[in-house]
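Asks: Here you go, model-v3.pdb (PDB, C-alpha atoms and all ligand atoms):
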ATOM      1  CA  MET A  24       2.545 -18.997 -23.001
ATOM      2  CA  ALA A  25       1.637 -15.734 -21.273
ATOM      3  CA  SER A  26       2.590 -15.485 -17.610
ATOM      4  CA  LEU A  27       1.734 -13.017 -14.837
ATOM      5  CA  GLN A  28       4.964 -13.727 -12.977
ATOM      6  CA  ALA A  29       6.198 -10.648 -11.130
ATOM      7  CA  THR A  30       9.754 -10.143  -9.942
ATOM      8  CA  PHE A  31      10.128  -7.945  -6.884
ATOM      9  CA  TYR A  32      13.193  -7.597  -4.648
ATOM     10  CA  GLY A  33      14.782 -10.794  -5.904
ATOM     11  CA  HIS A  34      11.697 -13.011  -5.619
ATOM     12  CA  THR A  35       9.458 -14.197  -8.431
ATOM     13  CA  TYR A  36       5.803 -14.087  -7.422
ATOM     14  CA  GLU A  37       3.168 -16.090  -9.324
ATOM     15  CA  ASN A  38       1.357 -12.813 -10.025
ATOM     16  CA  PRO A  39       1.602  -9.139  -8.989
ATOM     17  CA  PHE A  40      -1.605  -8.997  -6.917
ATOM     18  CA  MET A  41      -1.772  -8.353  -3.169
ATOM     19  CA  ASN A  42      -4.251  -6.953  -0.697
ATOM     20  CA  ALA A  43      -3.883  -3.332   0.338
ATOM     21  CA  SER A  44      -2.908  -3.008   3.991
ATOM     22  CA  GLY A  45      -6.002  -2.703   6.147
ATOM     23  CA  VAL A  46      -8.202  -5.054   4.143
ATOM     24  CA  HIS A  47      -8.506  -8.742   5.094
ATOM     25  CA  CYS A  48      -5.266  -8.672   7.127
ATOM     26  CA  MET A  49      -6.106  -7.927  10.770
ATOM     27  CA  ASP A  50      -5.150 -11.306  12.257
ATOM     28  CA  THR A  51      -3.522 -14.674  11.548
ATOM     29  CA  ALA A  52      -6.762 -16.176  10.247
ATOM     30  CA  GLU A  53      -7.278 -13.402   7.706
ATOM     31  CA  LEU A  54      -3.610 -13.536   6.692
ATOM     32  CA  ASP A  55      -3.868 -17.332   6.231
ATOM     33  CA  GLY A  56      -6.831 -16.648   3.941
ATOM     34  CA  LEU A  57      -4.711 -14.324   1.818
ATOM     35  CA  ALA A  58      -1.770 -16.768   1.836
ATOM     36  CA  THR A  59      -3.973 -19.536   0.404
ATOM     37  CA  SER A  60      -5.830 -17.261  -2.055
ATOM     38  CA  ALA A  61      -4.902 -16.501  -5.666
ATOM     39  CA  ALA A  62      -3.050 -13.361  -4.503
ATOM     40  CA  GLY A  63       0.659 -13.387  -5.361
ATOM     41  CA  SER A  64       1.571 -11.946  -1.964
ATOM     42  CA  PHE A  65      -0.003 -10.041   0.929
ATOM     43  CA  VAL A  66       0.599  -7.352   3.545
ATOM     44  CA  THR A  67      -0.440  -7.113   7.185
ATOM     45  CA  LYS A  68      -2.589  -4.415   8.785
ATOM     46  CA  SER A  69      -0.380  -1.455   9.740
ATOM     47  CA  ALA A  70       0.895  -2.149  13.243
ATOM     48  CA  THR A  71       1.432   0.441  15.965
ATOM     49  CA  ALA A  72       3.564  -0.170  19.056
ATOM     50  CA  GLU A  73       0.512  -1.010  21.171
ATOM     51  CA  GLY A  74      -2.727  -2.595  19.990
ATOM     52  CA  ARG A  75      -5.501  -0.060  19.212
ATOM     53  CA  ASP A  76      -9.275  -0.176  19.009
ATOM     54  CA  GLY A  77      -9.211   2.607  16.437
ATOM     55  CA  ASN A  78     -11.896   5.189  15.744
ATOM     56  CA  PRO A  79     -15.597   4.850  16.712
ATOM     57  CA  GLU A  80     -17.939   3.147  14.256
ATOM     58  CA  PRO A  81     -19.343   3.526  11.656
ATOM     59  CA  ARG A  82     -15.844   4.066  10.257
ATOM     60  CA  TYR A  83     -15.880   2.205   6.916
ATOM     61  CA  VAL A  84     -18.599   2.470   4.266
ATOM     62  CA  ASN A  85     -18.675   0.972   0.751
ATOM     63  CA  LEU A  86     -19.939   3.449  -1.835
ATOM     64  CA  GLU A  87     -21.147   2.933  -5.397
ATOM     65  CA  LEU A  88     -17.868   4.267  -6.795
ATOM     66  CA  GLY A  89     -15.527   3.208  -3.997
ATOM     67  CA  SER A  90     -15.257   3.538  -0.233
ATOM     68  CA  ILE A  91     -14.699   5.971   2.595
ATOM     69  CA  ASN A  92     -12.869   5.008   5.805
ATOM     70  CA  SER A  93     -11.579   6.516   8.984
ATOM     71  CA  MET A  94     -10.468   3.369  10.799
ATOM     72  CA  GLY A  95      -7.861   5.113  12.941
ATOM     73  CA  LEU A  96      -5.254   2.340  12.815
ATOM     74  CA  PRO A  97      -7.104  -0.406  14.704
ATOM     75  CA  ASN A  98      -4.622  -3.276  15.065
ATOM     76  CA  LEU A  99      -3.404  -5.993  17.423
ATOM     77  CA  GLY A 100      -0.047  -4.356  18.125
ATOM     78  CA  LEU A 101       3.417  -4.818  16.591
ATOM     79  CA  ALA A 102       4.372  -7.772  18.817
ATOM     80  CA  TYR A 103       1.384  -9.767  17.488
ATOM     81  CA  TYR A 104       2.270  -9.197  13.836
ATOM     82  CA  LEU A 105       5.978  -9.814  14.436
ATOM     83  CA  LYS A 106       5.180 -13.157  16.113
ATOM     84  CA  ASP A 107       2.916 -14.122  13.206
ATOM     85  CA  ALA A 108       5.493 -12.943  10.639
ATOM     86  CA  ILE A 109       8.354 -14.913  12.194
ATOM     87  CA  GLN A 110       6.243 -18.078  12.327
ATOM     88  CA  ARG A 111       5.116 -17.480   8.756
ATOM     89  CA  GLN A 112       8.590 -16.855   7.304
ATOM     90  CA  THR A 113       9.780 -20.068   8.986
ATOM     91  CA  ALA A 114       6.828 -22.185   7.822
ATOM     92  CA  HIS A 115       6.715 -20.767   4.278
ATOM     93  CA  PRO A 116      10.159 -19.336   3.348
ATOM     94  CA  ASP A 117       9.106 -19.651  -0.310
ATOM     95  CA  LYS A 118       6.194 -17.216   0.117
ATOM     96  CA  PRO A 119       7.516 -13.798   1.146
ATOM     97  CA  PHE A 120       5.015 -11.173   2.303
ATOM     98  CA  PHE A 121       5.042  -7.630   3.688
ATOM     99  CA  LEU A 122       4.794  -6.431   7.271
ATOM    100  CA  SER A 123       3.137  -3.008   7.497
ATOM    101  CA  VAL A 124       4.193  -0.589  10.238
ATOM    102  CA  ALA A 125       2.642   2.732  11.190
ATOM    103  CA  SER A 126       2.788   5.025  14.189
ATOM    104  CA  TYR A 127       0.037   6.510  16.338
ATOM    105  CA  LYS A 128       2.255   8.869  18.311
ATOM    106  CA  GLY A 129       4.478  10.137  15.479
ATOM    107  CA  PHE A 130       8.236  10.307  14.779
ATOM    108  CA  ASP A 131       9.583   8.555  17.905
ATOM    109  CA  GLU A 132       7.154   5.657  17.619
ATOM    110  CA  TYR A 133       8.099   5.104  13.975
ATOM    111  CA  VAL A 134      11.747   4.820  15.080
ATOM    112  CA  ALA A 135      10.933   2.554  18.029
ATOM    113  CA  ASN A 136       8.796   0.259  15.844
ATOM    114  CA  MET A 137      11.553  -0.099  13.246
ATOM    115  CA  LYS A 138      14.103  -0.751  16.041
ATOM    116  CA  ALA A 139      11.867  -3.557  17.336
ATOM    117  CA  ILE A 140      11.761  -5.133  13.876
ATOM    118  CA  GLN A 141      15.515  -4.690  13.391
ATOM    119  CA  ASP A 142      16.090  -6.523  16.702
ATOM    120  CA  SER A 143      13.601  -9.277  15.830
ATOM    121  CA  ALA A 144      14.044 -12.505  13.843
ATOM    122  CA  TYR A 145      11.856 -11.163  11.010
ATOM    123  CA  THR A 146      14.006 -10.778   7.884
ATOM    124  CA  GLY A 147      11.340  -9.985   5.257
ATOM    125  CA  LEU A 148      10.029  -6.837   3.652
ATOM    126  CA  VAL A 149       8.475  -4.018   5.664
ATOM    127  CA  GLU A 150       6.002  -1.452   4.322
ATOM    128  CA  LEU A 151       6.476   1.718   6.402
ATOM    129  CA  ASN A 152       3.127   3.492   6.347
ATOM    130  CA  LEU A 153       3.820   7.233   6.226
ATOM    131  CA  SER A 154       0.353   8.122   5.052
ATOM    132  CA  CYS A 155      -2.527   7.216   7.361
ATOM    133  CA  PRO A 156      -4.948  10.169   7.056
ATOM    134  CA  ASN A 157      -7.267   9.082   9.848
ATOM    135  CA  VAL A 158      -5.556   9.645  13.203
ATOM    136  CA  PRO A 159      -7.332  12.685  14.635
ATOM    137  CA  GLY A 160      -4.908  15.500  15.272
ATOM    138  CA  LYS A 161      -1.976  13.729  13.605
ATOM    139  CA  PRO A 162      -0.669  14.930  10.193
ATOM    140  CA  GLN A 163       0.412  12.442   7.539
ATOM    141  CA  MET A 164       4.179  12.089   7.883
ATOM    142  CA  ALA A 165       4.764  11.972   4.098
ATOM    143  CA  TYR A 166       3.185  15.400   3.610
ATOM    144  CA  ASP A 167       6.063  16.832   5.657
ATOM    145  CA  PHE A 168       9.119  16.448   3.397
ATOM    146  CA  GLU A 169      11.625  17.575   6.025
ATOM    147  CA  ASP A 170      10.287  15.224   8.715
ATOM    148  CA  THR A 171      10.196  12.340   6.223
ATOM    149  CA  GLU A 172      13.859  12.945   5.358
ATOM    150  CA  LYS A 173      14.731  13.173   9.073
ATOM    151  CA  LEU A 174      12.839   9.947   9.823
ATOM    152  CA  LEU A 175      14.445   7.966   6.985
ATOM    153  CA  THR A 176      17.886   9.271   7.965
ATOM    154  CA  GLU A 177      17.301   8.093  11.541
ATOM    155  CA  ILE A 178      15.960   4.687  10.448
ATOM    156  CA  PHE A 179      18.809   4.033   8.012
ATOM    157  CA  SER A 180      21.295   4.771  10.799
ATOM    158  CA  PHE A 181      20.405   1.394  12.348
ATOM    159  CA  TYR A 182      17.992  -0.535  10.086
ATOM    160  CA  THR A 183      19.649  -3.085   7.767
ATOM    161  CA  LYS A 184      16.634  -5.077   6.554
ATOM    162  CA  PRO A 185      14.730  -4.389   3.274
ATOM    163  CA  PHE A 186      11.837  -1.922   3.440
ATOM    164  CA  GLY A 187       9.784   0.572   1.473
ATOM    165  CA  VAL A 188       7.308   3.335   2.199
ATOM    166  CA  LYS A 189       3.530   3.738   1.667
ATOM    167  CA  LEU A 190       2.853   7.232   0.359
ATOM    168  CA  PRO A 191      -0.226   9.426   0.237
ATOM    169  CA  PRO A 192      -1.301  10.891  -3.097
ATOM    170  CA  TYR A 193       0.429  14.089  -4.242
ATOM    171  CA  PHE A 194      -1.275  16.548  -6.557
ATOM    172  CA  ASP A 195       1.462  18.922  -7.690
ATOM    173  CA  PHE A 196       4.608  18.386  -9.820
ATOM    174  CA  MET A 197       6.584  20.335  -7.211
ATOM    175  CA  HIS A 198       5.526  17.744  -4.610
ATOM    176  CA  PHE A 199       6.348  14.787  -6.905
ATOM    177  CA  ASP A 200       9.813  16.355  -7.330
ATOM    178  CA  LYS A 201      10.292  16.999  -3.605
ATOM    179  CA  ILE A 202       9.264  13.580  -2.294
ATOM    180  CA  ALA A 203      11.313  11.831  -5.010
ATOM    181  CA  ALA A 204      14.365  13.952  -4.113
ATOM    182  CA  VAL A 205      13.982  12.874  -0.481
ATOM    183  CA  LEU A 206      13.429   9.180  -1.243
ATOM    184  CA  ASN A 207      16.251   8.911  -3.814
ATOM    185  CA  GLN A 208      18.759   9.592  -1.024
ATOM    186  CA  PHE A 209      17.984   6.252   0.616
ATOM    187  CA  ASP A 210      18.349   2.550  -0.155
ATOM    188  CA  LEU A 211      14.604   1.975  -0.191
ATOM    189  CA  LYS A 212      13.437  -1.231  -1.906
ATOM    190  CA  PHE A 213      10.055   0.170  -2.954
ATOM    191  CA  VAL A 214       7.477   2.887  -2.767
ATOM    192  CA  ASN A 215       3.761   2.153  -2.620
ATOM    193  CA  CYS A 216       1.554   4.733  -4.337
ATOM    194  CA  ILE A 217      -1.109   5.535  -3.150
ATOM    195  CA  ASN A 218      -2.772   5.365   0.211
ATOM    196  CA  SER A 219      -6.393   6.536   0.332
ATOM    197  CA  VAL A 220      -7.122  10.079  -0.829
ATOM    198  CA  GLY A 221      -7.331  11.686   2.576
ATOM    199  CA  ASN A 222     -10.232  13.487   4.191
ATOM    200  CA  GLY A 223     -12.948  13.163   1.599
ATOM    201  CA  LEU A 224     -16.603  13.648   2.554
ATOM    202  CA  TYR A 225     -19.614  11.551   1.504
ATOM    203  CA  ILE A 226     -23.213  12.591   2.239
ATOM    204  CA  ASP A 227     -26.130  10.167   2.501
ATOM    205  CA  ASP A 228     -28.754  11.317  -0.020
ATOM    206  CA  GLU A 229     -31.708  10.335   2.149
ATOM    207  CA  THR A 230     -30.629  11.650   5.535
ATOM    208  CA  ASP A 231     -28.435  14.600   4.441
ATOM    209  CA  THR A 232     -25.923  13.226   6.925
ATOM    210  CA  VAL A 233     -22.301  12.078   6.687
ATOM    211  CA  VAL A 234     -21.864   8.278   6.619
ATOM    212  CA  ILE A 235     -18.923   7.721   8.995
ATOM    213  CA  LYS A 236     -18.653   8.879  12.615
ATOM    214  CA  PRO A 237     -14.996   9.923  13.104
ATOM    215  CA  LYS A 238     -13.800  13.445  12.295
ATOM    216  CA  GLY A 239     -17.290  14.724  11.435
ATOM    217  CA  GLY A 240     -17.484  12.330   8.491
ATOM    218  CA  PHE A 241     -14.114  13.054   6.874
ATOM    219  CA  GLY A 242     -12.334   9.898   5.672
ATOM    220  CA  GLY A 243      -9.912   8.360   3.212
ATOM    221  CA  ILE A 244     -11.404   7.689  -0.225
ATOM    222  CA  GLY A 245     -10.673   4.517  -2.196
ATOM    223  CA  GLY A 246     -12.018   2.718  -5.250
ATOM    224  CA  GLU A 247     -12.978   4.032  -8.702
ATOM    225  CA  TYR A 248     -12.877   7.599  -7.409
ATOM    226  CA  VAL A 249      -9.094   7.468  -7.008
ATOM    227  CA  LYS A 250      -7.741   5.594 -10.060
ATOM    228  CA  PRO A 251      -6.678   8.710 -12.048
ATOM    229  CA  THR A 252      -4.802  10.015  -8.998
ATOM    230  CA  ALA A 253      -3.254   6.631  -8.272
ATOM    231  CA  LEU A 254      -2.063   6.172 -11.875
ATOM    232  CA  ALA A 255      -0.603   9.688 -11.895
ATOM    233  CA  ASN A 256       1.349   9.062  -8.688
ATOM    234  CA  VAL A 257       2.675   5.701  -9.907
ATOM    235  CA  ARG A 258       3.729   7.293 -13.209
ATOM    236  CA  ALA A 259       5.252  10.439 -11.646
ATOM    237  CA  LEU A 260       7.238   8.508  -9.030
ATOM    238  CA  ARG A 261       8.403   5.970 -11.621
ATOM    239  CA  GLN A 262       9.700   8.828 -13.785
ATOM    240  CA  ARG A 263      11.554  10.361 -10.819
ATOM    241  CA  LEU A 264      12.797   7.523  -8.585
ATOM    242  CA  ASN A 265      16.073   5.620  -8.954
ATOM    243  CA  PRO A 266      15.445   2.408 -10.927
ATOM    244  CA  THR A 267      16.568   0.461  -7.848
ATOM    245  CA  ILE A 268      13.359   1.541  -6.098
ATOM    246  CA  ASP A 269      10.393  -0.570  -7.268
ATOM    247  CA  ILE A 270       6.822   0.720  -7.220
ATOM    248  CA  ILE A 271       3.717  -0.936  -5.818
ATOM    249  CA  GLY A 272       0.579   0.435  -7.477
ATOM    250  CA  THR A 273      -2.484   0.833  -5.267
ATOM    251  CA  GLY A 274      -5.745   2.631  -5.903
ATOM    252  CA  GLY A 275      -8.779   2.022  -8.083
ATOM    253  CA  ILE A 276      -7.978  -1.529  -9.195
ATOM    254  CA  LEU A 277     -11.334  -3.201  -9.865
ATOM    255  CA  THR A 278     -10.596  -4.959 -13.170
ATOM    256  CA  GLY A 279      -7.746  -6.518 -15.132
ATOM    257  CA  ARG A 280      -7.708  -3.354 -17.237
ATOM    258  CA  ASP A 281      -7.118  -1.191 -14.130
ATOM    259  CA  ALA A 282      -4.276  -3.517 -13.147
ATOM    260  CA  TYR A 283      -2.837  -3.320 -16.666
ATOM    261  CA  GLU A 284      -2.867   0.480 -16.518
ATOM    262  CA  HIS A 285      -0.966   0.523 -13.227
ATOM    263  CA  LEU A 286       1.654  -1.745 -14.801
ATOM    264  CA  LEU A 287       1.844   0.524 -17.864
ATOM    265  CA  CYS A 288       2.611   3.388 -15.469
ATOM    266  CA  GLY A 289       5.498   1.413 -13.992
ATOM    267  CA  ALA A 290       4.108  -0.567 -11.064
ATOM    268  CA  SER A 291       5.709  -3.961 -10.296
ATOM    269  CA  MET A 292       3.234  -5.217  -7.684
ATOM    270  CA  LEU A 293      -0.443  -4.274  -7.370
ATOM    271  CA  GLN A 294      -2.528  -3.859  -4.225
ATOM    272  CA  VAL A 295      -6.311  -4.140  -4.060
ATOM    273  CA  GLY A 296      -8.248  -2.640  -1.158
ATOM    274  CA  THR A 297     -11.835  -1.502  -1.708
ATOM    275  CA  GLN A 298     -12.638  -4.137  -4.334
ATOM    276  CA  LEU A 299     -11.211  -6.889  -2.107
ATOM    277  CA  TYR A 300     -13.428  -5.620   0.717
ATOM    278  CA  LYS A 301     -16.482  -5.685  -1.580
ATOM    279  CA  GLU A 302     -15.812  -8.926  -3.475
ATOM    280  CA  GLY A 303     -13.779 -11.082  -1.096
ATOM    281  CA  LEU A 304     -10.742 -13.235  -1.881
ATOM    282  CA  GLY A 305     -12.254 -14.368  -5.200
ATOM    283  CA  VAL A 306     -11.294 -10.954  -6.568
ATOM    284  CA  PHE A 307      -7.759 -12.264  -7.061
ATOM    285  CA  ASP A 308      -8.915 -15.186  -9.258
ATOM    286  CA  ARG A 309     -10.916 -12.758 -11.377
ATOM    287  CA  LEU A 310      -8.151 -10.148 -11.659
ATOM    288  CA  ASN A 311      -5.568 -12.781 -12.629
ATOM    289  CA  SER A 312      -7.889 -14.112 -15.304
ATOM    290  CA  GLU A 313      -8.773 -10.674 -16.681
ATOM    291  CA  LEU A 314      -5.151  -9.455 -16.728
ATOM    292  CA  LEU A 315      -3.950 -12.651 -18.420
ATOM    293  CA  ASP A 316      -6.653 -12.209 -21.086
ATOM    294  CA  ILE A 317      -5.298  -8.723 -21.786
ATOM    295  CA  LEU A 318      -1.720  -9.998 -22.221
ATOM    296  CA  VAL A 319      -2.934 -12.701 -24.593
ATOM    297  CA  ALA A 320      -5.093 -10.267 -26.564
ATOM    298  CA  LYS A 321      -2.129  -7.911 -26.967
ATOM    299  CA  GLY A 322       0.359 -10.669 -27.767
ATOM    300  CA  TYR A 323       2.475 -10.226 -24.629
ATOM    301  CA  ASN A 324       4.093 -13.189 -22.835
ATOM    302  CA  THR A 325       5.381 -11.283 -19.820
ATOM    303  CA  ILE A 326       4.608  -8.138 -17.838
ATOM    304  CA  ALA A 327       8.160  -6.923 -18.504
ATOM    305  CA  GLU A 328       7.270  -6.431 -22.173
ATOM    306  CA  PHE A 329       4.938  -3.509 -21.367
ATOM    307  CA  LYS A 330       5.721  -2.457 -17.778
ATOM    308  CA  GLY A 331       6.337   1.282 -17.618
ATOM    309  CA  LYS A 332       5.695   1.699 -21.369
ATOM    310  CA  LEU A 333       2.789   4.137 -21.226
ATOM    311  CA  ALA A 334       2.720   6.090 -24.477
ATOM    312  CA  THR A 335       2.372   9.887 -24.533
ATOM    313  CA  LEU A 336       1.166  12.132 -27.338
ATOM    314  CA  ASP A 337       4.409  13.940 -28.101
TER     315      ASP A 337
HETATM  316  O1  LIG B   1      -3.071   4.208   6.202
HETATM  317  C1  LIG B   1      -4.289   4.070   6.336
HETATM  318  N1  LIG B   1      -5.105   4.407   5.331
HETATM  319  C2  LIG B   1      -6.439   4.364   5.428
HETATM  320  O2  LIG B   1      -7.146   4.726   4.476
HETATM  321  N2  LIG B   1      -7.010   3.899   6.591
HETATM  322  C3  LIG B   1      -6.212   3.279   7.575
HETATM  323  C4  LIG B   1      -6.719   3.531   8.969
HETATM  324  O3  LIG B   1      -7.476   4.499   9.189
HETATM  325  O4  LIG B   1      -6.263   2.776   9.836
HETATM  326  N3  LIG B   1      -4.826   3.599   7.492
END
I'd like the structure from this file rewritten - as structure tokens, please.

Replies:
Amino acid sequence: MASLQATFYGHTYENPFMNASGVHCMDTAELDGLATSAAGSFVTKSATAEGRDGNPEPRYVNLELGSINSMGLPNLGLAYYLKDAIQRQTAHPDKPFFLSVASYKGFDEYVANMKAIQDSAYTGLVELNLSCPNVPGKPQMAYDFEDTEKLLTEIFSFYTKPFGVKLPPYFDFMHFDKIAAVLNQFDLKFVNCINSVGNGLYIDDETDTVVIKPKGGFGGIGGEYVKPTALANVRALRQRLNPTIDIIGTGGILTGRDAYEHLLCGASMLQVGTQLYKEGLGVFDRLNSELLDILVAKGYNTIAEFKGKLATLD
């Protein structure tokens, strides 16, 4: 009997599907919706030290082939998500989830946020977001290899709980090599590839105008547009990272086939952003059904039978 069970950091999830941070995860009510949906797990909106309104609207637009966003890390603040997470881990110890952490101010805030989690009663997984492309004037941490190494060195000097990092897309083998060489030095539990493809531009064909307000219309791109880049990053990082570091595949998952391809490239868990925004929580019922149909059609009983087994033409 085919099963979509996914093992990740010592827990067996009913299926590999989750939301992508930022979608349907702003507050306790939205998180409760994810927790009772067909998703195997879920992640919170990236928290900064203080709550933030984020960038001016319009700041998210659905497009025919995906989405563009420049939210600017709107969130209710780390203390809110920590309180929710501690209540949640106590009420449902059998349903682990991910707490996403970012930084508005840069290096020092990343450290302070991780110190706050280390000193808290939260014992679950953390997704350290090193790749928000939408804070005006702030570079994406993970595009600075030296700073990323410095930050992880500082965090691992005090942080003893399990965590992983959310990466931006890379587009050059030299960059795949460099980020993997940095990450392989640390006891990371996972890497999430990819965050949105940063600073794209979409023009409205009736008004000849950009469609989002922040940064003159520049925003992170998600959806069908990004699947080839997402698959490449999952595959390249899987080929380069220590096997102890799992991979979460994010980017361009609209169908069971897209999910299957991310798994072929080596992903263990799968995050859905744009299509969850467009379709709502029912997307998880559909994706589970479509992915299961693919396993059955191919004669697989488990994901392990094909995970990471993308064939090449050599
Ligand atoms: O990491 C992020 N990626 C995005 O595409 N958008 C959000 C945001 O702007 O808050 N953050």

Asks: How many Å separate atom CA of Gly147 of chain A from atom CA of Leu101 of chain A?

Replies: 14.8 Å

Asks: How would you write, as a ChimeraX atom specification, the residues chosen by the PyMOL selection byres (((chain A and resi 28) around 9) and not hetatm) on this structure?

Replies: /A:26-27,29-30,35-39,63,325-326

Asks: Where does chain A meet ligand LIG 1 (chain B) within 10 Å, residue by residue, with the nearest atom pair and distance in Å to one decimal for each, counting only C-alpha atoms and all ligand atoms, listed by chain and rising number, as a tab-separated table?

Replies:
residue	atom	partner	partner_atom	distance
A:Ala43	CA	B:LIG1	N1	9.3
A:Ser44	CA	B:LIG1	O1	7.5
A:Gly45	CA	B:LIG1	C3	6.2
A:Val46	CA	B:LIG1	C3	9.2
A:Lys68	CA	B:LIG1	O4	8.1
A:Ser69	CA	B:LIG1	N3	7.1
A:Ala70	CA	B:LIG1	O4	9.3
A:Arg75	CA	B:LIG1	O4	9.8
A:Gly77	CA	B:LIG1	O4	7.2
A:Asn78	CA	B:LIG1	O3	7.9
A:Arg82	CA	B:LIG1	O3	8.4
A:Tyr83	CA	B:LIG1	O3	9.0
A:Ser90	CA	B:LIG1	O2	9.5
A:Ile91	CA	B:LIG1	O2	7.9
A:Asn92	CA	B:LIG1	O2	5.9
A:Ser93	CA	B:LIG1	O3	4.6
A:Met94	CA	B:LIG1	O3	3.6
A:Gly95	CA	B:LIG1	O3	3.8
A:Leu96	CA	B:LIG1	O4	3.2
A:Pro97	CA	B:LIG1	O4	5.9
A:Asn98	CA	B:LIG1	O4	8.2
A:Ser123	CA	B:LIG1	O1	9.6
A:Val124	CA	B:LIG1	O1	9.6
A:Ala125	CA	B:LIG1	O1	7.7
A:Ser126	CA	B:LIG1	O1	9.9
A:Tyr127	CA	B:LIG1	O4	9.8
A:Leu151	CA	B:LIG1	O1	9.9
A:Asn152	CA	B:LIG1	O1	6.2
A:Leu153	CA	B:LIG1	O1	7.5
A:Ser154	CA	B:LIG1	O1	5.3
A:Cys155	CA	B:LIG1	O1	3.3
A:Pro156	CA	B:LIG1	N1	6.0
A:Asn157	CA	B:LIG1	O3	4.6
A:Val158	CA	B:LIG1	O3	6.8
A:Pro159	CA	B:LIG1	O3	9.8
A:Gln163	CA	B:LIG1	O1	9.0
A:Lys189	CA	B:LIG1	O1	8.0
A:Leu190	CA	B:LIG1	O1	8.9
A:Pro191	CA	B:LIG1	O1	8.4
A:Ile217	CA	B:LIG1	N1	9.4
A:Asn218	CA	B:LIG1	N1	5.7
A:Ser219	CA	B:LIG1	O2	4.6
A:Val220	CA	B:LIG1	O2	7.5
A:Gly221	CA	B:LIG1	O2	7.2
A:Asn222	CA	B:LIG1	O2	9.3
A:Gly242	CA	B:LIG1	O2	7.4
A:Gly243	CA	B:LIG1	O2	4.7
A:Ile244	CA	B:LIG1	O2	7.0
A:Gly245	CA	B:LIG1	O2	7.5
A:Gly296	CA	B:LIG1	O2	9.3
A:Thr297	CA	B:LIG1	O2	10.0

Asks: Nearest residue to Met41 of chain A out of A:Pro192, A:Gly160, A:Pro119, A:Gly240, using all atoms listed in the file?

Replies: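 Counting all atoms listed in the file, the residue closest to Met41 of chain A is A:Pro119.
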
Asks: If I take atom CA of Cys48 of chain A and atom CA of Asn136 of chain A, how far is one from the other in Å, to one decimal?

Replies: 18.8 Å

Asks: For atom CA of Phe121 of chain A and atom CA of Lys332 of chain A, quote the distance in Å rounded to one decimal.

Replies: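 Going from atom CA of Phe121 of chain A over to atom CA of Lys332 of chain A, I get 26.7 Å.
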
Asks: From the list A:Ala114, A:Leu277, A:Ile226, A:Ala253, which residue is nearest Gly89 of chain A when using all atoms listed in the file?

Replies: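 Closest to Gly89 of chain A, using all atoms listed in the file: A:Leu277.
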
Asks: Show me, as a list in words, the residues that have an atom within 12 Å of Ser180 of chain A when counting all atoms listed in the file, minus same-chain residues fewer than 2 positions from it.

Replies: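 What passes the distance filter is Val134, Met137, Lys138, Gln141, Lys173, Leu174, Leu175, Thr176, Glu177, Ile178, Tyr182, Thr183, Lys184, Phe209 and Asp210 of chain A.
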
Asks: Restricting the calculation to all atoms listed in the file: of A:Asp131, A:Thr267, A:Cys216, A:Asp228, which residue gets closest to Asp170 of chain A?

Replies: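 For Asp170 of chain A, the nearest of the given residues is A:Asp131.
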
Asks: Name all residues at most 6 Å from Leu122 of chain A (count only C-alpha atoms; drop same-chain ones fewer than 2 positions away) and give them as a PyMOL selection string.

Replies: chain A and resi 66-67+149-150

Asks: Those same residues, written as a PDB file, in the coordinates of the input with C-alpha atoms?

Replies:
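Saved to result.pdb:
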ATOM      1  CA  VAL A  66       0.599  -7.352   3.545  1.00  0.00           C
ATOM      2  CA  THR A  67      -0.440  -7.113   7.185  1.00  0.00           C
ATOM      3  CA  VAL A 149       8.475  -4.018   5.664  1.00  0.00           C
ATOM      4  CA  GLU A 150       6.002  -1.452   4.322  1.00  0.00           C
TER       5      GLU A 150
END

Asks: Return as an mmCIF file with C-alpha atoms, in the frame of the given file the set of residues that the PyMOL selection byres (((chain A and resi 111) around 12) and not hetatm) yields on the displayed structure.

Replies:
data_model
loop_
_atom_site.group_PDB
_atom_site.id
_atom_site.type_symbol
_atom_site.label_atom_id
_atom_site.label_comp_id
_atom_site.auth_asym_id
_atom_site.auth_seq_id
_atom_site.Cartn_x
_atom_site.Cartn_y
_atom_site.Cartn_z
ATOM 1 C CA THR A 51 -3.522 -14.674 11.548
ATOM 2 C CA LEU A 54 -3.610 -13.536 6.692
ATOM 3 C CA ASP A 55 -3.868 -17.332 6.231
ATOM 4 C CA ALA A 58 -1.770 -16.768 1.836
ATOM 5 C CA PHE A 65 -0.003 -10.041 0.929
ATOM 6 C CA THR A 67 -0.440 -7.113 7.185
ATOM 7 C CA TYR A 104 2.270 -9.197 13.836
ATOM 8 C CA LEU A 105 5.978 -9.814 14.436
ATOM 9 C CA LYS A 106 5.180 -13.157 16.113
ATOM 10 C CA ASP A 107 2.916 -14.122 13.206
ATOM 11 C CA ALA A 108 5.493 -12.943 10.639
ATOM 12 C CA ILE A 109 8.354 -14.913 12.194
ATOM 13 C CA GLN A 110 6.243 -18.078 12.327
ATOM 14 C CA GLN A 112 8.590 -16.855 7.304
ATOM 15 C CA THR A 113 9.780 -20.068 8.986
ATOM 16 C CA ALA A 114 6.828 -22.185 7.822
ATOM 17 C CA HIS A 115 6.715 -20.767 4.278
ATOM 18 C CA PRO A 116 10.159 -19.336 3.348
ATOM 19 C CA ASP A 117 9.106 -19.651 -0.310
ATOM 20 C CA LYS A 118 6.194 -17.216 0.117
ATOM 21 C CA PRO A 119 7.516 -13.798 1.146
ATOM 22 C CA PHE A 120 5.015 -11.173 2.303
ATOM 23 C CA PHE A 121 5.042 -7.630 3.688
ATOM 24 C CA LEU A 122 4.794 -6.431 7.271
ATOM 25 C CA ALA A 144 14.044 -12.505 13.843
ATOM 26 C CA TYR A 145 11.856 -11.163 11.010
ATOM 27 C CA THR A 146 14.006 -10.778 7.884
ATOM 28 C CA GLY A 147 11.340 -9.985 5.257
#
